[in-house]
$ cat input_37.txt   # compact mmCIF, C-alpha atoms
# COMPACT_ATOMS: atom_id res chain seq x y z
CA MET A 461 118.70 69.71 120.24
CA SER A 462 117.85 68.68 116.68
CA THR A 463 115.28 70.59 114.66
CA GLN A 464 112.84 67.70 114.88
CA ALA A 465 113.32 67.35 118.64
CA HIS A 466 112.75 71.09 119.05
CA TRP A 467 109.38 70.95 117.31
CA GLU A 468 108.33 67.74 119.03
CA HIS A 469 108.94 69.57 122.31
CA ILE A 470 106.94 72.62 121.20
CA TYR A 471 103.94 70.59 120.05
CA GLY A 472 104.20 68.20 122.97
CA THR A 473 104.12 70.92 125.63
CA LYS A 474 101.84 73.64 124.19
CA ALA A 475 98.17 73.59 123.27
CA PRO A 476 97.34 74.65 119.70
CA ASP A 477 96.18 78.11 120.84
CA GLN A 478 99.28 78.65 123.00
CA VAL A 479 101.65 79.26 120.10
CA SER A 480 102.07 82.67 118.48
CA TRP A 481 101.14 81.57 114.95
CA PHE A 482 97.77 80.12 115.99
CA ARG A 483 94.78 81.36 114.06
CA PRO A 484 91.33 79.68 114.18
CA HIS A 485 91.16 79.83 110.38
CA LEU A 486 93.83 80.82 107.85
CA GLU A 487 91.70 83.24 105.87
CA THR A 488 94.54 84.65 103.76
CA SER A 489 95.78 81.18 102.84
CA LEU A 490 92.28 79.97 101.98
CA GLY A 491 91.74 82.97 99.75
CA LEU A 492 94.99 82.42 97.87
CA ILE A 493 94.32 78.70 97.43
CA SER A 494 90.90 79.55 96.03
CA ARG A 495 92.58 81.93 93.58
CA ALA A 496 95.04 79.22 92.59
CA THR A 497 92.37 76.63 91.78
CA ARG A 498 88.64 76.08 91.98
CA ASP A 499 89.14 72.44 91.02
CA ARG A 500 88.22 70.42 94.11
CA SER A 501 90.32 67.51 92.79
CA ALA A 502 93.48 69.66 92.65
CA ARG A 503 96.49 68.19 94.45
CA ILE A 504 97.38 70.52 97.33
CA ILE A 505 100.17 70.16 99.88
CA ASP A 506 100.30 72.16 103.13
CA VAL A 507 103.94 72.29 104.24
CA GLY A 508 104.39 72.78 107.97
CA GLY A 509 100.70 72.07 108.47
CA GLY A 510 101.27 71.14 112.10
CA GLU A 511 98.07 71.57 114.07
CA SER A 512 96.65 74.13 111.63
CA THR A 513 92.95 74.00 110.73
CA LEU A 514 93.70 74.68 107.06
CA VAL A 515 93.27 71.00 106.18
CA ASP A 516 89.89 70.94 107.99
CA ASP A 517 88.65 73.95 106.06
CA LEU A 518 89.88 72.60 102.72
CA LEU A 519 88.18 69.27 103.35
CA HIS A 520 84.94 70.98 104.32
CA GLY A 521 85.30 73.10 101.18
CA GLY A 522 85.27 69.97 99.06
CA TYR A 523 88.97 69.61 98.23
CA SER A 524 89.71 65.90 98.09
CA ARG A 525 93.40 65.41 97.25
CA LEU A 526 95.26 66.92 100.17
CA SER A 527 98.69 66.28 101.67
CA VAL A 528 99.99 67.67 104.97
CA LEU A 529 103.69 67.68 105.80
CA ASP A 530 105.21 68.50 109.16
CA ILE A 531 108.47 67.69 110.89
CA SER A 532 106.56 66.80 114.08
CA GLN A 533 104.81 63.44 114.45
CA THR A 534 103.08 64.87 117.53
CA ALA A 535 101.50 67.65 115.48
CA ILE A 536 100.40 65.28 112.74
CA ASP A 537 98.87 62.85 115.24
CA PHE A 538 96.95 65.68 116.91
CA THR A 539 95.48 66.88 113.63
CA LYS A 540 94.57 63.37 112.53
CA ALA A 541 92.76 62.82 115.83
CA ARG A 542 90.90 66.11 115.44
CA LEU A 543 89.73 65.17 111.95
CA GLY A 544 88.61 61.69 112.97
CA SER A 545 87.39 59.62 110.04
CA LEU A 546 88.19 62.46 107.60
CA ALA A 547 91.91 61.93 108.26
CA SER A 548 91.92 58.77 106.15
CA GLY A 549 91.40 60.87 103.04
CA VAL A 550 94.56 62.92 103.59
CA GLU A 551 98.16 61.99 102.81
CA TRP A 552 100.24 62.60 105.96
CA ILE A 553 104.00 63.14 105.66
CA VAL A 554 106.35 63.44 108.65
CA ALA A 555 109.60 64.88 107.32
CA ASN A 556 111.97 67.82 107.23
CA VAL A 557 110.90 69.55 104.03
CA THR A 558 114.50 70.35 103.05
CA GLU A 559 115.37 66.65 103.11
CA ALA A 560 112.14 65.07 101.88
CA ASP A 561 111.76 63.28 98.55
CA PHE A 562 108.72 64.40 96.56
CA PRO A 563 107.40 62.82 93.37
CA LYS A 564 108.00 64.94 90.30
CA HIS A 565 105.12 67.27 89.41
CA ALA A 566 103.02 65.76 92.20
CA TYR A 567 101.16 68.92 93.23
CA ASP A 568 99.04 71.66 91.72
CA VAL A 569 99.37 73.95 94.75
CA TRP A 570 102.17 74.21 97.33
CA HIS A 571 101.23 76.13 100.49
CA ASP A 572 103.59 77.10 103.29
CA ARG A 573 102.68 79.48 106.11
CA ALA A 574 105.67 80.03 108.39
CA VAL A 575 108.18 77.32 107.51
CA PHE A 576 110.41 79.09 104.99
CA HIS A 577 111.32 81.93 107.37
CA PHE A 578 112.98 79.41 109.71
CA LEU A 579 115.50 78.48 106.99
CA THR A 580 118.30 80.84 107.97
CA ALA A 581 121.05 79.04 106.02
CA ALA A 582 121.33 79.58 102.27
CA SER A 583 121.85 75.85 101.75
CA GLN A 584 118.52 75.11 103.46
CA ARG A 585 116.70 77.64 101.31
CA HIS A 586 118.29 76.26 98.14
CA ALA A 587 117.23 72.71 99.08
CA TYR A 588 113.68 73.92 99.76
CA VAL A 589 113.35 75.80 96.46
CA GLU A 590 114.68 72.86 94.46
CA ARG A 591 112.09 70.60 96.06
CA VAL A 592 109.28 73.01 95.25
CA ALA A 593 110.44 73.33 91.64
CA ASN A 594 110.48 69.54 91.28
CA ALA A 595 107.27 68.77 93.16
CA VAL A 596 104.91 71.35 91.63
CA ARG A 597 103.77 70.87 88.05
CA PRO A 598 104.45 73.55 85.43
CA GLY A 599 101.54 75.97 85.68
CA GLY A 600 101.03 75.07 89.33
CA HIS A 601 100.92 77.64 92.09
CA VAL A 602 103.15 78.30 95.09
CA ILE A 603 101.98 80.21 98.17
CA ILE A 604 104.67 81.15 100.70
CA GLY A 605 103.92 83.04 103.92
CA THR A 606 106.76 84.39 106.05
CA PHE A 607 107.31 87.13 108.57
CA GLY A 608 107.31 90.49 106.83
CA PRO A 609 109.98 93.21 107.14
CA GLU A 610 108.42 94.43 110.40
CA GLY A 611 107.78 90.95 111.77
CA PRO A 612 109.58 89.22 114.66
CA THR A 613 113.24 88.27 114.45
CA LYS A 614 112.72 85.10 116.51
CA CYS A 615 109.91 82.57 116.89
CA SER A 616 109.66 79.64 119.32
CA GLY A 617 113.23 80.31 120.43
CA LEU A 618 114.64 80.15 116.89
CA ASN A 619 116.03 82.87 114.65
CA VAL A 620 114.02 83.65 111.52
CA GLN A 621 114.49 85.52 108.26
CA ARG A 622 112.18 88.44 107.50
CA TYR A 623 111.21 89.25 103.92
CA ASP A 624 109.58 91.81 101.73
CA ALA A 625 108.04 90.73 98.44
CA ASP A 626 111.19 91.34 96.37
CA SER A 627 113.55 89.50 98.71
CA LEU A 628 111.19 86.54 99.18
CA HIS A 629 110.54 86.17 95.46
CA GLY A 630 114.28 86.58 94.89
CA GLU A 631 114.93 83.41 96.86
CA PHE A 632 112.83 81.44 94.36
CA GLY A 633 114.06 82.97 91.12
CA ALA A 634 112.96 83.12 87.51
CA ARG A 635 111.18 79.75 87.50
CA PHE A 636 108.53 81.30 89.73
CA ARG A 637 106.48 84.18 88.31
CA LEU A 638 105.17 86.45 91.04
CA ILE A 639 101.44 87.05 90.58
CA ASP A 640 100.72 88.90 93.80
CA SER A 641 101.99 89.65 97.27
CA GLN A 642 100.20 90.85 100.37
CA LYS A 643 100.86 91.65 103.98
CA GLU A 644 98.78 90.48 106.91
CA LEU A 645 98.73 91.70 110.49
CA HIS A 646 98.28 88.55 112.54
CA GLN A 647 96.87 88.92 116.03
CA THR A 648 98.53 86.36 118.28
CA PRO A 649 96.73 84.60 121.14
CA PHE A 650 98.84 86.75 123.49
CA GLY A 651 97.47 90.08 122.28
CA THR A 652 100.46 91.05 120.15
CA THR A 653 100.63 91.68 116.41
CA GLN A 654 102.92 89.99 113.88
CA GLN A 655 103.40 91.12 110.30
CA PHE A 656 103.24 88.33 107.71
CA LEU A 657 104.13 88.59 104.03
CA TYR A 658 102.64 86.25 101.40
CA CYS A 659 103.92 85.70 97.88
CA PHE A 660 101.67 84.02 95.32
CA CYS A 661 103.54 82.57 92.33
CA VAL A 662 103.05 80.31 89.33
CA ILE A 663 105.72 77.97 87.98
CA GLU A 664 106.24 78.72 84.32
CA SER A 665 109.36 76.74 83.46
CA ARG A 666 111.65 74.04 84.79
CA GLU A 667 114.64 75.92 83.43
CA ALA A 668 116.82 77.83 85.87

$ encode --input "input_37.txt" --output "structure tokens"
Amino acid sequence: MSTQAHWEHIYGTKAPDQVSWFRPHLETSLGLISRATRDRSARIIDVGGGESTLVDDLLHGGYSRLSVLDISQTAIDFTKARLGSLASGVEWIVANVTEADFPKHAYDVWHDRAVFHFLTAASQRHAYVERVANAVRPGGHVIIGTFGPEGPTKCSGLNVQRYDADSLHGEFGARFRLIDSQKELHQTPFGTTQQFLYCFCVIESREA
């Protein structure tokens, strides 16, 4: 089964609150985005947005230039339907992030909660990092959330990579200056706990 088919199956057969990563509101992500910019016209992309309510909360917070990318058309369609008329103000992108073409310096903030840890091949991670470095303007911020060192080793039937702050930042390299990192204990809808790790970076240079 292809990666896209896998996620179409997941989103097509499970309700939003029947997946382990579900959270009514992404408080940690919202806090980091607020730290990155108070400018409500900032260009923000949520990678792997799926059926997350992050876009709802950003819209209600006054942010007006939002993009949501997910590999699943089913997930995107669900979120658009939930937003109703507000969906027309969002750019929706259905794509595999490691293969997508992004305009140069298109975004002020890149947010990803729980996509990067599915990239178990070095070539996938390299493709991802190169796309971030191209798509985010110099001085822009990058927020990456993955499973932490004590997090799960699999999710939705797929292997994942676990990270601490040093190893996650190491994947991105010198172009990305680490401002902060934090761990979060996420309570799943099934009563279990997952450790997440967030790195908060700024892009200082386009040079490798």

$ closest_residue --input "input_37.txt" --among "A:Thr497, A:Thr534, A:Ser641, A:Thr513" --to "His466 of chain A" --atoms "all atoms listed in the file"
A:Thr534

$ axis_aligned_box --input "input_37.txt" --around "segment 591-604 of chain A" --padding-each-side "8 Å" --output "lines of an AutoDock Vina configuration file"
center_x = 106.5
center_y = 75.0
center_z = 93.1
size_x = 27.2
size_y = 28.4
size_z = 31.3

$ residues_around --input "input_37.txt" --residues "segment 515-526 of chain A" --least-positions-apart "3" --cutoff "8 Å" --atoms "all atoms listed in the file" --output "tab-separated table (two decimals) with C-alpha atoms, keeping the file's coordinate frame"
chain	number	residue	atom	x	y	z
A	485	HIS	CA	91.16	79.83	110.38
A	490	LEU	CA	92.28	79.97	101.98
A	499	ASP	CA	89.14	72.44	91.02
A	500	ARG	CA	88.22	70.42	94.11
A	501	SER	CA	90.32	67.51	92.79
A	502	ALA	CA	93.48	69.66	92.65
A	503	ARG	CA	96.49	68.19	94.45
A	504	ILE	CA	97.38	70.52	97.33
A	505	ILE	CA	100.17	70.16	99.88
A	506	ASP	CA	100.30	72.16	103.13
A	509	GLY	CA	100.70	72.07	108.47
A	512	SER	CA	96.65	74.13	111.63
A	543	LEU	CA	89.73	65.17	111.95
A	549	GLY	CA	91.40	60.87	103.04
A	550	VAL	CA	94.56	62.92	103.59
A	551	GLU	CA	98.16	61.99	102.81

$ residues_around --input "input_37.txt" --residues "Pro649 of chain A" --least-positions-apart "3" --cutoff "7 Å" --atoms "only C-alpha atoms" --output "PyMOL selection string"
chain A and resi 477-478+480+482

$ residues_around --input "input_37.txt" --residues "Thr606 of chain A" --least-positions-apart "2" --cutoff "8 Å" --atoms "all atoms listed in the file" --output "ChimeraX atom specification"
/A:573-577,604,608,622-623,656-658

$ write_last_selection --input "input_37.txt" --atoms "C-alpha atoms" --output "mmCIF file, in the coordinates of the input"
data_model
loop_
_atom_site.group_PDB
_atom_site.id
_atom_site.type_symbol
_atom_site.label_atom_id
_atom_site.label_comp_id
_atom_site.auth_asym_id
_atom_site.auth_seq_id
_atom_site.Cartn_x
_atom_site.Cartn_y
_atom_site.Cartn_z
ATOM 1 C CA ARG A 573 102.680 79.480 106.110
ATOM 2 C CA ALA A 574 105.670 80.030 108.390
ATOM 3 C CA VAL A 575 108.180 77.320 107.510
ATOM 4 C CA PHE A 576 110.410 79.090 104.990
ATOM 5 C CA HIS A 577 111.320 81.930 107.370
ATOM 6 C CA ILE A 604 104.670 81.150 100.700
ATOM 7 C CA GLY A 608 107.310 90.490 106.830
ATOM 8 C CA ARG A 622 112.180 88.440 107.500
ATOM 9 C CA TYR A 623 111.210 89.250 103.920
ATOM 10 C CA PHE A 656 103.240 88.330 107.710
ATOM 11 C CA LEU A 657 104.130 88.590 104.030
ATOM 12 C CA TYR A 658 102.640 86.250 101.400
#

$ atom_distance --input "input_37.txt" --atom1 "atom CA of Glu664 of chain A" --atom2 "atom CA of Ala581 of chain A"
26.3 Å

$ build_atoms --input "input_37.txt" --residues "segment 536-568 of chain A" --atoms "N, CA and C atoms" --output "compact mmCIF listing (two decimals), in the coordinates of the input"
# COMPACT_ATOMS: atom_id res chain seq x y z
N ILE A 536 101.19 66.05 113.70
CA ILE A 536 100.40 65.28 112.74
C ILE A 536 99.38 64.41 113.45
N ASP A 537 99.80 63.72 114.51
CA ASP A 537 98.87 62.85 115.24
C ASP A 537 97.72 63.64 115.84
N PHE A 538 98.00 64.85 116.33
CA PHE A 538 96.95 65.68 116.91
C PHE A 538 95.92 66.05 115.85
N THR A 539 96.40 66.46 114.68
CA THR A 539 95.48 66.88 113.63
C THR A 539 94.67 65.71 113.10
N LYS A 540 95.30 64.56 112.96
CA LYS A 540 94.57 63.37 112.53
C LYS A 540 93.46 63.02 113.53
N ALA A 541 93.77 63.12 114.81
CA ALA A 541 92.76 62.82 115.83
C ALA A 541 91.61 63.83 115.76
N ARG A 542 91.94 65.08 115.53
CA ARG A 542 90.90 66.11 115.44
C ARG A 542 89.96 65.86 114.26
N LEU A 543 90.53 65.42 113.14
CA LEU A 543 89.73 65.17 111.95
C LEU A 543 88.91 63.89 112.03
N GLY A 544 89.34 62.95 112.86
CA GLY A 544 88.61 61.69 112.97
C GLY A 544 88.63 60.92 111.67
N SER A 545 87.46 60.46 111.23
CA SER A 545 87.39 59.62 110.04
C SER A 545 87.83 60.36 108.77
N LEU A 546 87.76 61.69 108.77
CA LEU A 546 88.19 62.46 107.60
C LEU A 546 89.69 62.34 107.35
N ALA A 547 90.45 61.99 108.39
CA ALA A 547 91.91 61.93 108.26
C ALA A 547 92.35 60.88 107.26
N SER A 548 91.53 59.85 107.05
CA SER A 548 91.92 58.77 106.15
C SER A 548 91.99 59.23 104.70
N GLY A 549 91.37 60.36 104.40
CA GLY A 549 91.40 60.87 103.04
C GLY A 549 92.53 61.82 102.76
N VAL A 550 93.44 62.00 103.72
CA VAL A 550 94.56 62.92 103.59
C VAL A 550 95.86 62.13 103.58
N GLU A 551 96.82 62.56 102.76
CA GLU A 551 98.16 61.99 102.81
C GLU A 551 98.96 62.73 103.88
N TRP A 552 99.49 62.00 104.86
CA TRP A 552 100.24 62.60 105.96
C TRP A 552 101.72 62.28 105.78
N ILE A 553 102.57 63.30 105.87
CA ILE A 553 104.00 63.14 105.66
C ILE A 553 104.74 63.74 106.85
N VAL A 554 105.50 62.93 107.56
CA VAL A 554 106.35 63.44 108.65
C VAL A 554 107.77 63.50 108.11
N ALA A 555 108.28 64.71 107.94
CA ALA A 555 109.60 64.88 107.32
C ALA A 555 110.06 66.31 107.48
N ASN A 556 111.37 66.49 107.39
CA ASN A 556 111.97 67.82 107.23
C ASN A 556 111.87 68.17 105.75
N VAL A 557 111.18 69.24 105.42
CA VAL A 557 110.90 69.55 104.03
C VAL A 557 112.17 69.71 103.20
N THR A 558 113.27 70.15 103.82
CA THR A 558 114.50 70.35 103.05
C THR A 558 115.23 69.05 102.75
N GLU A 559 114.74 67.95 103.33
CA GLU A 559 115.37 66.65 103.11
C GLU A 559 114.41 65.64 102.49
N ALA A 560 113.16 66.01 102.36
CA ALA A 560 112.14 65.07 101.88
C ALA A 560 112.28 64.81 100.39
N ASP A 561 111.83 63.63 99.96
CA ASP A 561 111.76 63.28 98.55
C ASP A 561 110.31 63.39 98.09
N PHE A 562 110.07 64.23 97.10
CA PHE A 562 108.72 64.40 96.56
C PHE A 562 108.65 63.86 95.15
N PRO A 563 107.56 63.24 94.77
CA PRO A 563 107.40 62.82 93.37
C PRO A 563 107.41 64.03 92.45
N LYS A 564 107.92 63.85 91.26
CA LYS A 564 108.00 64.94 90.30
C LYS A 564 106.60 65.37 89.86
N HIS A 565 106.37 66.68 89.86
CA HIS A 565 105.12 67.27 89.41
C HIS A 565 103.91 66.70 90.15
N ALA A 566 104.08 66.43 91.43
CA ALA A 566 103.02 65.76 92.20
C ALA A 566 101.89 66.70 92.60
N TYR A 567 102.14 68.01 92.64
CA TYR A 567 101.16 68.92 93.23
C TYR A 567 100.78 70.05 92.28
N ASP A 568 99.53 70.49 92.43
CA ASP A 568 99.04 71.66 91.72
C ASP A 568 99.25 72.94 92.53
